[in-house]
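Quick look at final.cif (mmCIF, C-alpha atoms and all ligand atoms):
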data_structure
loop_
_atom_site.label_atom_id
_atom_site.label_comp_id
_atom_site.auth_asym_id
_atom_site.auth_seq_id
_atom_site.Cartn_x
_atom_site.Cartn_y
_atom_site.Cartn_z
CA MET A 1 35.23 65.25 -12.82
CA ILE A 2 34.97 69.03 -13.00
CA GLY A 3 33.33 68.85 -16.38
CA ARG A 4 30.85 66.27 -15.10
CA ALA A 5 30.07 68.39 -12.05
CA LEU A 6 29.46 71.41 -14.26
CA ALA A 7 27.19 69.39 -16.50
CA ILE A 8 25.17 68.20 -13.52
CA ALA A 9 24.97 71.74 -12.14
CA ALA A 10 23.80 73.02 -15.51
CA ALA A 11 21.17 70.30 -15.75
CA CYS A 12 19.89 71.14 -12.27
CA LEU A 13 19.72 74.83 -13.13
CA TRP A 14 17.86 74.10 -16.35
CA ALA A 15 15.43 71.83 -14.57
CA GLY A 16 14.82 74.52 -11.98
CA LEU A 17 14.19 77.16 -14.62
CA ALA A 18 11.98 74.86 -16.65
CA GLY A 19 9.97 74.00 -13.56
CA ALA A 20 9.54 77.66 -12.74
CA GLN A 21 8.36 78.47 -16.25
CA GLU A 22 5.97 75.60 -16.56
CA ARG A 23 4.31 75.94 -13.20
CA PRO A 24 0.81 77.28 -13.80
CA PRO A 25 -0.13 80.21 -11.62
CA HIS A 26 -3.69 79.15 -10.90
CA PRO A 27 -3.41 75.78 -9.17
CA PRO A 28 -2.11 76.57 -5.74
CA GLU A 29 1.07 75.01 -4.59
CA PRO A 30 0.36 72.08 -2.31
CA ALA A 31 1.38 74.20 0.64
CA GLN A 32 -1.20 76.86 -0.32
CA GLN A 33 -3.75 74.19 -1.05
CA ASP A 34 -3.45 73.04 2.54
CA GLU A 35 -5.07 76.24 3.68
CA ALA A 36 -7.61 76.54 0.89
CA GLU A 37 -8.82 73.00 0.57
CA GLY A 38 -7.99 71.20 3.78
CA SER A 39 -5.64 68.37 4.46
CA SER A 40 -6.31 66.32 1.35
CA ALA A 41 -3.82 68.17 -0.80
CA ARG A 42 -1.06 68.07 1.75
CA PRO A 43 1.71 65.63 1.00
CA PRO A 44 2.18 63.57 4.13
CA ASP A 45 4.77 65.14 6.33
CA LYS A 46 8.03 63.41 6.81
CA PRO A 47 7.96 61.26 9.89
CA ASP A 48 8.40 63.46 12.88
CA ALA A 49 11.71 63.22 14.59
CA PRO A 50 11.32 60.62 17.28
CA GLN A 51 10.95 62.10 20.68
CA ASP A 52 12.15 60.54 23.84
CA GLY A 53 9.70 57.90 24.91
CA ALA A 54 7.21 58.85 22.16
CA ALA A 55 7.72 55.86 19.91
CA PRO A 56 8.67 52.22 20.27
CA PRO A 57 12.39 51.51 19.83
CA GLU A 58 11.80 49.78 16.47
CA GLU A 59 10.15 52.86 15.00
CA GLN A 60 12.82 55.14 16.31
CA ALA A 61 15.41 52.94 14.69
CA ASP A 62 13.53 52.62 11.39
CA ALA A 63 12.58 56.23 10.78
CA PRO A 64 15.94 57.60 9.60
CA ASP A 65 16.55 54.57 7.32
CA ASP A 66 13.09 54.92 5.82
CA ALA A 67 13.64 58.60 5.07
CA GLU A 68 16.99 57.85 3.47
CA VAL A 69 15.70 55.01 1.32
CA HIS A 70 12.38 56.48 0.18
CA GLY A 71 12.93 60.22 0.40
CA PRO A 72 10.03 62.69 0.58
CA PRO A 73 6.59 61.47 -0.50
CA PRO A 74 5.59 62.04 -4.12
CA PRO A 75 3.21 64.91 -4.89
CA PRO A 76 -0.50 64.01 -5.10
CA ARG A 77 -1.52 62.39 -8.38
CA TRP A 78 -3.86 65.24 -9.30
CA TYR A 79 -1.05 67.74 -8.89
CA THR A 80 1.25 65.87 -11.26
CA LEU A 81 -1.41 66.22 -13.99
CA ARG A 82 -1.70 70.02 -13.71
CA GLU A 83 -1.42 71.70 -17.10
CA THR A 84 1.21 74.30 -17.89
CA ASP A 85 -0.15 77.69 -18.91
CA GLN A 86 0.68 76.87 -22.53
CA GLU A 87 -1.03 73.48 -22.43
CA TYR A 88 -4.10 74.92 -20.78
CA ALA A 89 -4.30 77.81 -23.25
CA ALA A 90 -4.00 75.39 -26.20
CA CYS A 91 -6.73 73.21 -24.75
CA ARG A 92 -9.08 76.15 -24.18
CA LEU A 93 -8.44 77.29 -27.73
CA ALA A 94 -9.55 73.87 -28.96
CA LEU A 95 -12.70 74.13 -26.86
CA ALA A 96 -13.35 77.54 -28.39
CA VAL A 97 -13.03 76.03 -31.87
CA LEU A 98 -15.43 73.25 -30.91
CA GLY A 99 -17.86 75.72 -29.37
CA THR A 100 -17.81 73.87 -26.06
CA VAL A 101 -19.79 75.63 -23.33
CA TYR A 102 -18.10 75.36 -19.93
CA ARG A 103 -16.99 77.29 -16.91
CA GLU A 104 -13.78 77.11 -14.94
CA GLU A 105 -14.00 75.95 -11.34
CA PRO A 106 -11.63 76.16 -8.36
CA PRO A 107 -9.08 73.37 -7.90
CA LEU A 108 -10.72 70.18 -6.72
CA THR A 109 -9.33 67.91 -4.02
CA ASP A 110 -10.76 65.23 -1.78
CA PRO A 111 -10.39 65.01 1.99
CA ASP A 112 -10.37 61.22 1.90
CA ASP A 113 -7.64 60.65 -0.67
CA ARG A 114 -4.74 63.00 -1.28
CA ASP A 115 -4.31 61.73 -4.85
CA CYS A 116 -7.85 62.60 -5.98
CA GLY A 117 -8.55 65.94 -7.58
CA ILE A 118 -8.22 68.24 -10.58
CA ALA A 119 -5.82 71.21 -10.72
CA ARG A 120 -7.85 73.15 -13.30
CA PRO A 121 -11.34 71.65 -13.47
CA ILE A 122 -13.99 72.80 -15.89
CA ARG A 123 -17.72 72.10 -15.79
CA VAL A 124 -18.96 71.28 -19.28
CA THR A 125 -22.63 71.83 -20.04
CA ARG A 126 -22.48 71.63 -23.85
CA ILE A 127 -19.72 69.76 -25.61
CA LEU A 128 -20.80 71.34 -28.92
CA PRO A 129 -22.97 74.45 -29.13
CA ASP A 130 -26.07 72.33 -29.83
CA LEU A 131 -25.11 69.13 -28.01
CA SER A 132 -25.58 69.03 -24.26
CA VAL A 133 -23.90 67.04 -21.52
CA GLN A 134 -26.99 66.42 -19.43
CA GLY A 135 -26.65 67.88 -15.96
CA GLY A 136 -23.13 69.14 -16.72
CA ALA A 137 -19.93 67.27 -15.95
CA VAL A 138 -16.66 68.25 -14.25
CA MET A 139 -13.48 67.13 -15.94
CA ARG A 140 -9.99 68.16 -17.02
CA CYS A 141 -9.77 70.31 -20.15
CA ASP A 142 -7.98 67.49 -22.01
CA THR A 143 -10.95 65.19 -21.40
CA ALA A 144 -13.40 67.75 -22.75
CA ARG A 145 -11.23 68.30 -25.83
CA ALA A 146 -11.05 64.56 -26.63
CA LEU A 147 -14.78 64.23 -26.06
CA GLY A 148 -15.55 67.18 -28.27
CA PHE A 149 -13.57 65.98 -31.28
CA TRP A 150 -14.94 62.45 -30.95
CA VAL A 151 -18.51 63.75 -30.80
CA ARG A 152 -18.09 66.25 -33.62
CA ASP A 153 -16.12 64.11 -36.05
CA PHE A 154 -17.44 60.59 -35.41
CA LEU A 155 -20.47 60.35 -33.15
CA ARG A 156 -22.62 62.88 -34.96
CA PRO A 157 -21.80 61.66 -38.50
CA ALA A 158 -22.30 58.04 -37.39
CA ALA A 159 -25.72 58.89 -35.94
CA ALA A 160 -26.68 60.42 -39.27
CA THR A 161 -26.49 56.91 -40.80
CA LEU A 162 -29.17 55.57 -38.46
CA PRO A 163 -32.73 55.25 -39.75
CA GLY A 164 -34.22 58.73 -40.04
CA ALA A 165 -30.76 60.31 -39.76
CA PRO A 166 -31.46 61.65 -36.27
CA ARG A 167 -29.39 64.54 -34.97
CA VAL A 168 -27.59 63.86 -31.69
CA THR A 169 -28.61 66.50 -29.17
CA GLY A 170 -27.12 65.21 -25.95
CA LEU A 171 -24.88 62.83 -24.04
CA GLN A 172 -26.25 61.07 -20.98
CA PRO A 173 -23.23 60.91 -18.66
CA GLY A 174 -22.74 58.44 -15.84
CA SER A 175 -19.71 58.91 -13.60
CA THR A 176 -17.48 61.84 -14.44
CA TYR A 177 -15.27 63.13 -11.61
CA ASP A 178 -15.42 60.63 -8.77
CA CYS A 179 -12.77 59.93 -6.14
CA ARG A 180 -12.71 56.14 -6.18
CA ALA A 181 -10.72 53.08 -7.15
CA ARG A 182 -11.07 51.30 -10.47
CA VAL A 183 -13.94 48.89 -10.88
CA GLY A 184 -14.10 45.63 -12.77
CA THR A 185 -10.37 44.90 -12.45
CA GLY A 186 -10.83 41.81 -10.30
CA LYS A 187 -7.93 42.97 -8.16
CA ALA A 188 -8.16 43.06 -4.38
CA ARG A 189 -6.42 46.44 -4.24
CA PRO A 190 -7.22 48.24 -7.50
CA ARG A 191 -5.43 51.45 -8.42
CA LEU A 192 -7.05 54.85 -8.43
CA SER A 193 -9.65 55.31 -11.18
CA GLU A 194 -9.05 57.88 -13.87
CA HIS A 195 -12.43 59.25 -12.76
CA ALA A 196 -10.63 60.40 -9.60
CA LEU A 197 -8.39 62.64 -11.73
CA GLY A 198 -10.96 64.18 -14.09
CA ASN A 199 -9.54 62.07 -16.89
CA ALA A 200 -12.62 59.92 -17.52
CA ILE A 201 -16.27 60.05 -18.47
CA ASP A 202 -18.89 57.32 -18.60
CA ILE A 203 -21.57 57.63 -21.26
CA MET A 204 -24.84 55.86 -20.61
CA GLY A 205 -26.61 56.89 -23.79
CA PHE A 206 -27.50 59.54 -26.34
CA THR A 207 -30.49 61.75 -27.01
CA PHE A 208 -31.68 62.77 -30.47
CA GLN A 209 -33.88 65.32 -32.09
CA ASP A 210 -37.14 63.64 -33.15
CA ALA A 211 -36.00 60.15 -32.11
CA ASP A 212 -35.99 58.06 -28.94
CA PRO A 213 -32.89 58.10 -26.72
CA LEU A 214 -30.43 55.29 -27.30
CA ARG A 215 -28.89 53.54 -24.32
CA VAL A 216 -25.49 51.87 -24.42
CA ALA A 217 -26.23 48.15 -24.05
CA PRO A 218 -24.91 44.73 -25.02
CA ARG A 219 -25.75 44.54 -28.72
CA ARG A 220 -23.39 41.82 -29.79
CA ASP A 221 -24.66 39.92 -32.80
CA SER A 222 -27.98 41.71 -32.89
CA GLY A 223 -27.10 42.35 -36.51
CA ASP A 224 -28.86 45.67 -36.81
CA ARG A 225 -27.85 49.23 -37.60
CA THR A 226 -27.83 50.13 -33.92
CA GLU A 227 -25.19 47.50 -33.18
CA ALA A 228 -23.09 48.84 -36.05
CA PHE A 229 -23.48 52.38 -34.70
CA GLN A 230 -22.37 51.40 -31.22
CA ARG A 231 -19.40 49.46 -32.56
CA ALA A 232 -18.37 52.33 -34.82
CA ILE A 233 -18.43 55.07 -32.20
CA ARG A 234 -16.72 52.82 -29.68
CA GLY A 235 -13.90 52.04 -32.11
CA ALA A 236 -13.52 55.68 -33.07
CA ALA A 237 -13.33 56.71 -29.41
CA CYS A 238 -9.98 54.93 -29.17
CA LEU A 239 -8.54 57.51 -31.58
CA PHE A 240 -9.09 60.16 -28.92
CA PHE A 241 -9.01 58.27 -25.61
CA THR A 242 -6.43 55.79 -24.35
CA THR A 243 -8.98 53.58 -22.61
CA VAL A 244 -12.33 52.58 -24.07
CA LEU A 245 -14.41 49.97 -22.25
CA GLY A 246 -18.02 48.99 -22.73
CA PRO A 247 -20.45 46.07 -22.92
CA GLY A 248 -18.55 42.81 -23.17
CA ALA A 249 -15.35 44.18 -21.61
CA ASN A 250 -16.53 43.12 -18.15
CA ALA A 251 -19.71 43.11 -16.09
CA ALA A 252 -19.02 46.56 -14.64
CA HIS A 253 -19.20 48.15 -18.08
CA ALA A 254 -22.25 46.37 -19.49
CA ASN A 255 -24.43 49.48 -19.68
CA HIS A 256 -22.06 52.32 -20.56
CA LEU A 257 -18.96 53.38 -22.43
CA HIS A 258 -16.03 54.28 -20.22
CA LEU A 259 -13.61 56.71 -21.91
CA ASP A 260 -10.43 57.92 -20.26
CA LEU A 261 -7.02 59.46 -20.90
CA ALA A 262 -4.84 57.17 -18.77
CA ASP A 263 -1.16 57.78 -19.51
CA ARG A 264 0.47 54.41 -20.18
CA ARG A 265 4.04 53.53 -20.92
CA GLY A 266 4.81 53.67 -24.62
CA GLY A 267 1.46 55.29 -25.45
CA TRP A 268 -0.29 51.93 -25.22
CA ARG A 269 -4.08 51.98 -25.51
CA LEU A 270 -6.63 49.70 -23.92
CA CYS A 271 -9.67 49.41 -26.13
CA GLN A 272 -12.00 46.49 -25.48
ZN ZN B 301 -15.85 54.83 -16.00
#

Could I get this structure in the form of structure tokens?
Amino acid sequence: MIGRALAIAAACLWAGLAGAQERPPHPPEPAQQDEAEGSSARPPDKPDAPQDGAAPPEEQADAPDDAEVHGPPPPPRWYTLRETDQEYAACRLALAVLGTVYREEPPLTDPDDRDCGIARPIRVTRILPDLSVQGGAVMRCDTARALGFWVRDFLRPAAATLPGAPRVTGLQPGSTYDCRARVGTGKARPRLSEHALGNAIDIMGFTFQDADPLRVAPRRDSGDRTEAFQRAIRGAACLFFTTVLGPGANAAHANHLHLDLADRRGGWRLCQ
């Protein structure tokens, strides 16, 4: 028993140290976030201790049991995705290699949903030095990194096989950061969208030097080079993103590619 107790104590100590080391200094603790960003980042308080006459008898009886069974509320989803200093530095290094043009922004939260937000958001204006994200887009660094490698290593070479070998000069984004539920799931109560965490970007089309823009559209069985291009870049996107949806996946994705970094059990990817 003593040995087991020591092992547990050691594990707790290690976990505490690890947590202290990995906690990034920039995203405020939820308690600090309360003051800076309003109530959205505040984990719901534990139920107040029932006061005499303040609550119905059932609630007074249930509150202690509920606290015992469920414990404190989990941290907001956005906060669980915060990068460690090392992870963030590695990601920014990758963006430097890609030549991504971006700026860091203050932590993002939403007053309507405590789970929405980004701990260390960046606003990307150029994903490569000569390839713009029209209007700029706010996302997590990981999302920008995945986007950058996909664009550099697959999208641009694939575009060079189109007639006239046009050079891709820009992405036309749809939704980027957006605090909302998933669409197109068919479920009455869909889960939070990856857009609400800065993990997703919708791409409506591409612009080229000396060629007309190309919109994402249903191209199934059109049998032309453009269909092959869209298929190729969509397939390659699944090497970098864990979710890739587009025309044919469902009606909600008929006119754009949805790319996200959803973290699924076993590393499973959803590419349709
Ligand atoms: Zn989307």

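If all atoms listed in the file are the atoms counted, then among A:His195, A:Arg220, A:Arg269, A:Arg103 the closest residue to ligand ZN 301 (chain B) is A:His195.
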
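You will find CA of Asp153 in chain A at 12.1 Å from CA of Ala232 in chain A.
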
For ligand ZN 301 (chain B), collect every residue having any atom at a distance of at most 9 Å from a ligand atom (counting all atoms listed in the file); output as a count of residues only. 20

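The closest residue to Phe149 in chain A, picked from A:Val168, A:Ala236, A:Arg114, A:His70 and counting all atoms listed in the file, is A:Ala236.
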
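CA of Leu197 in chain A lies 10.4 Å from CA of Pro76 in chain A.
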
Separating CA of Gly117 in chain A from CA of Ala196 in chain A, to the nearest tenth of an Å, is a gap of 6.3 Å
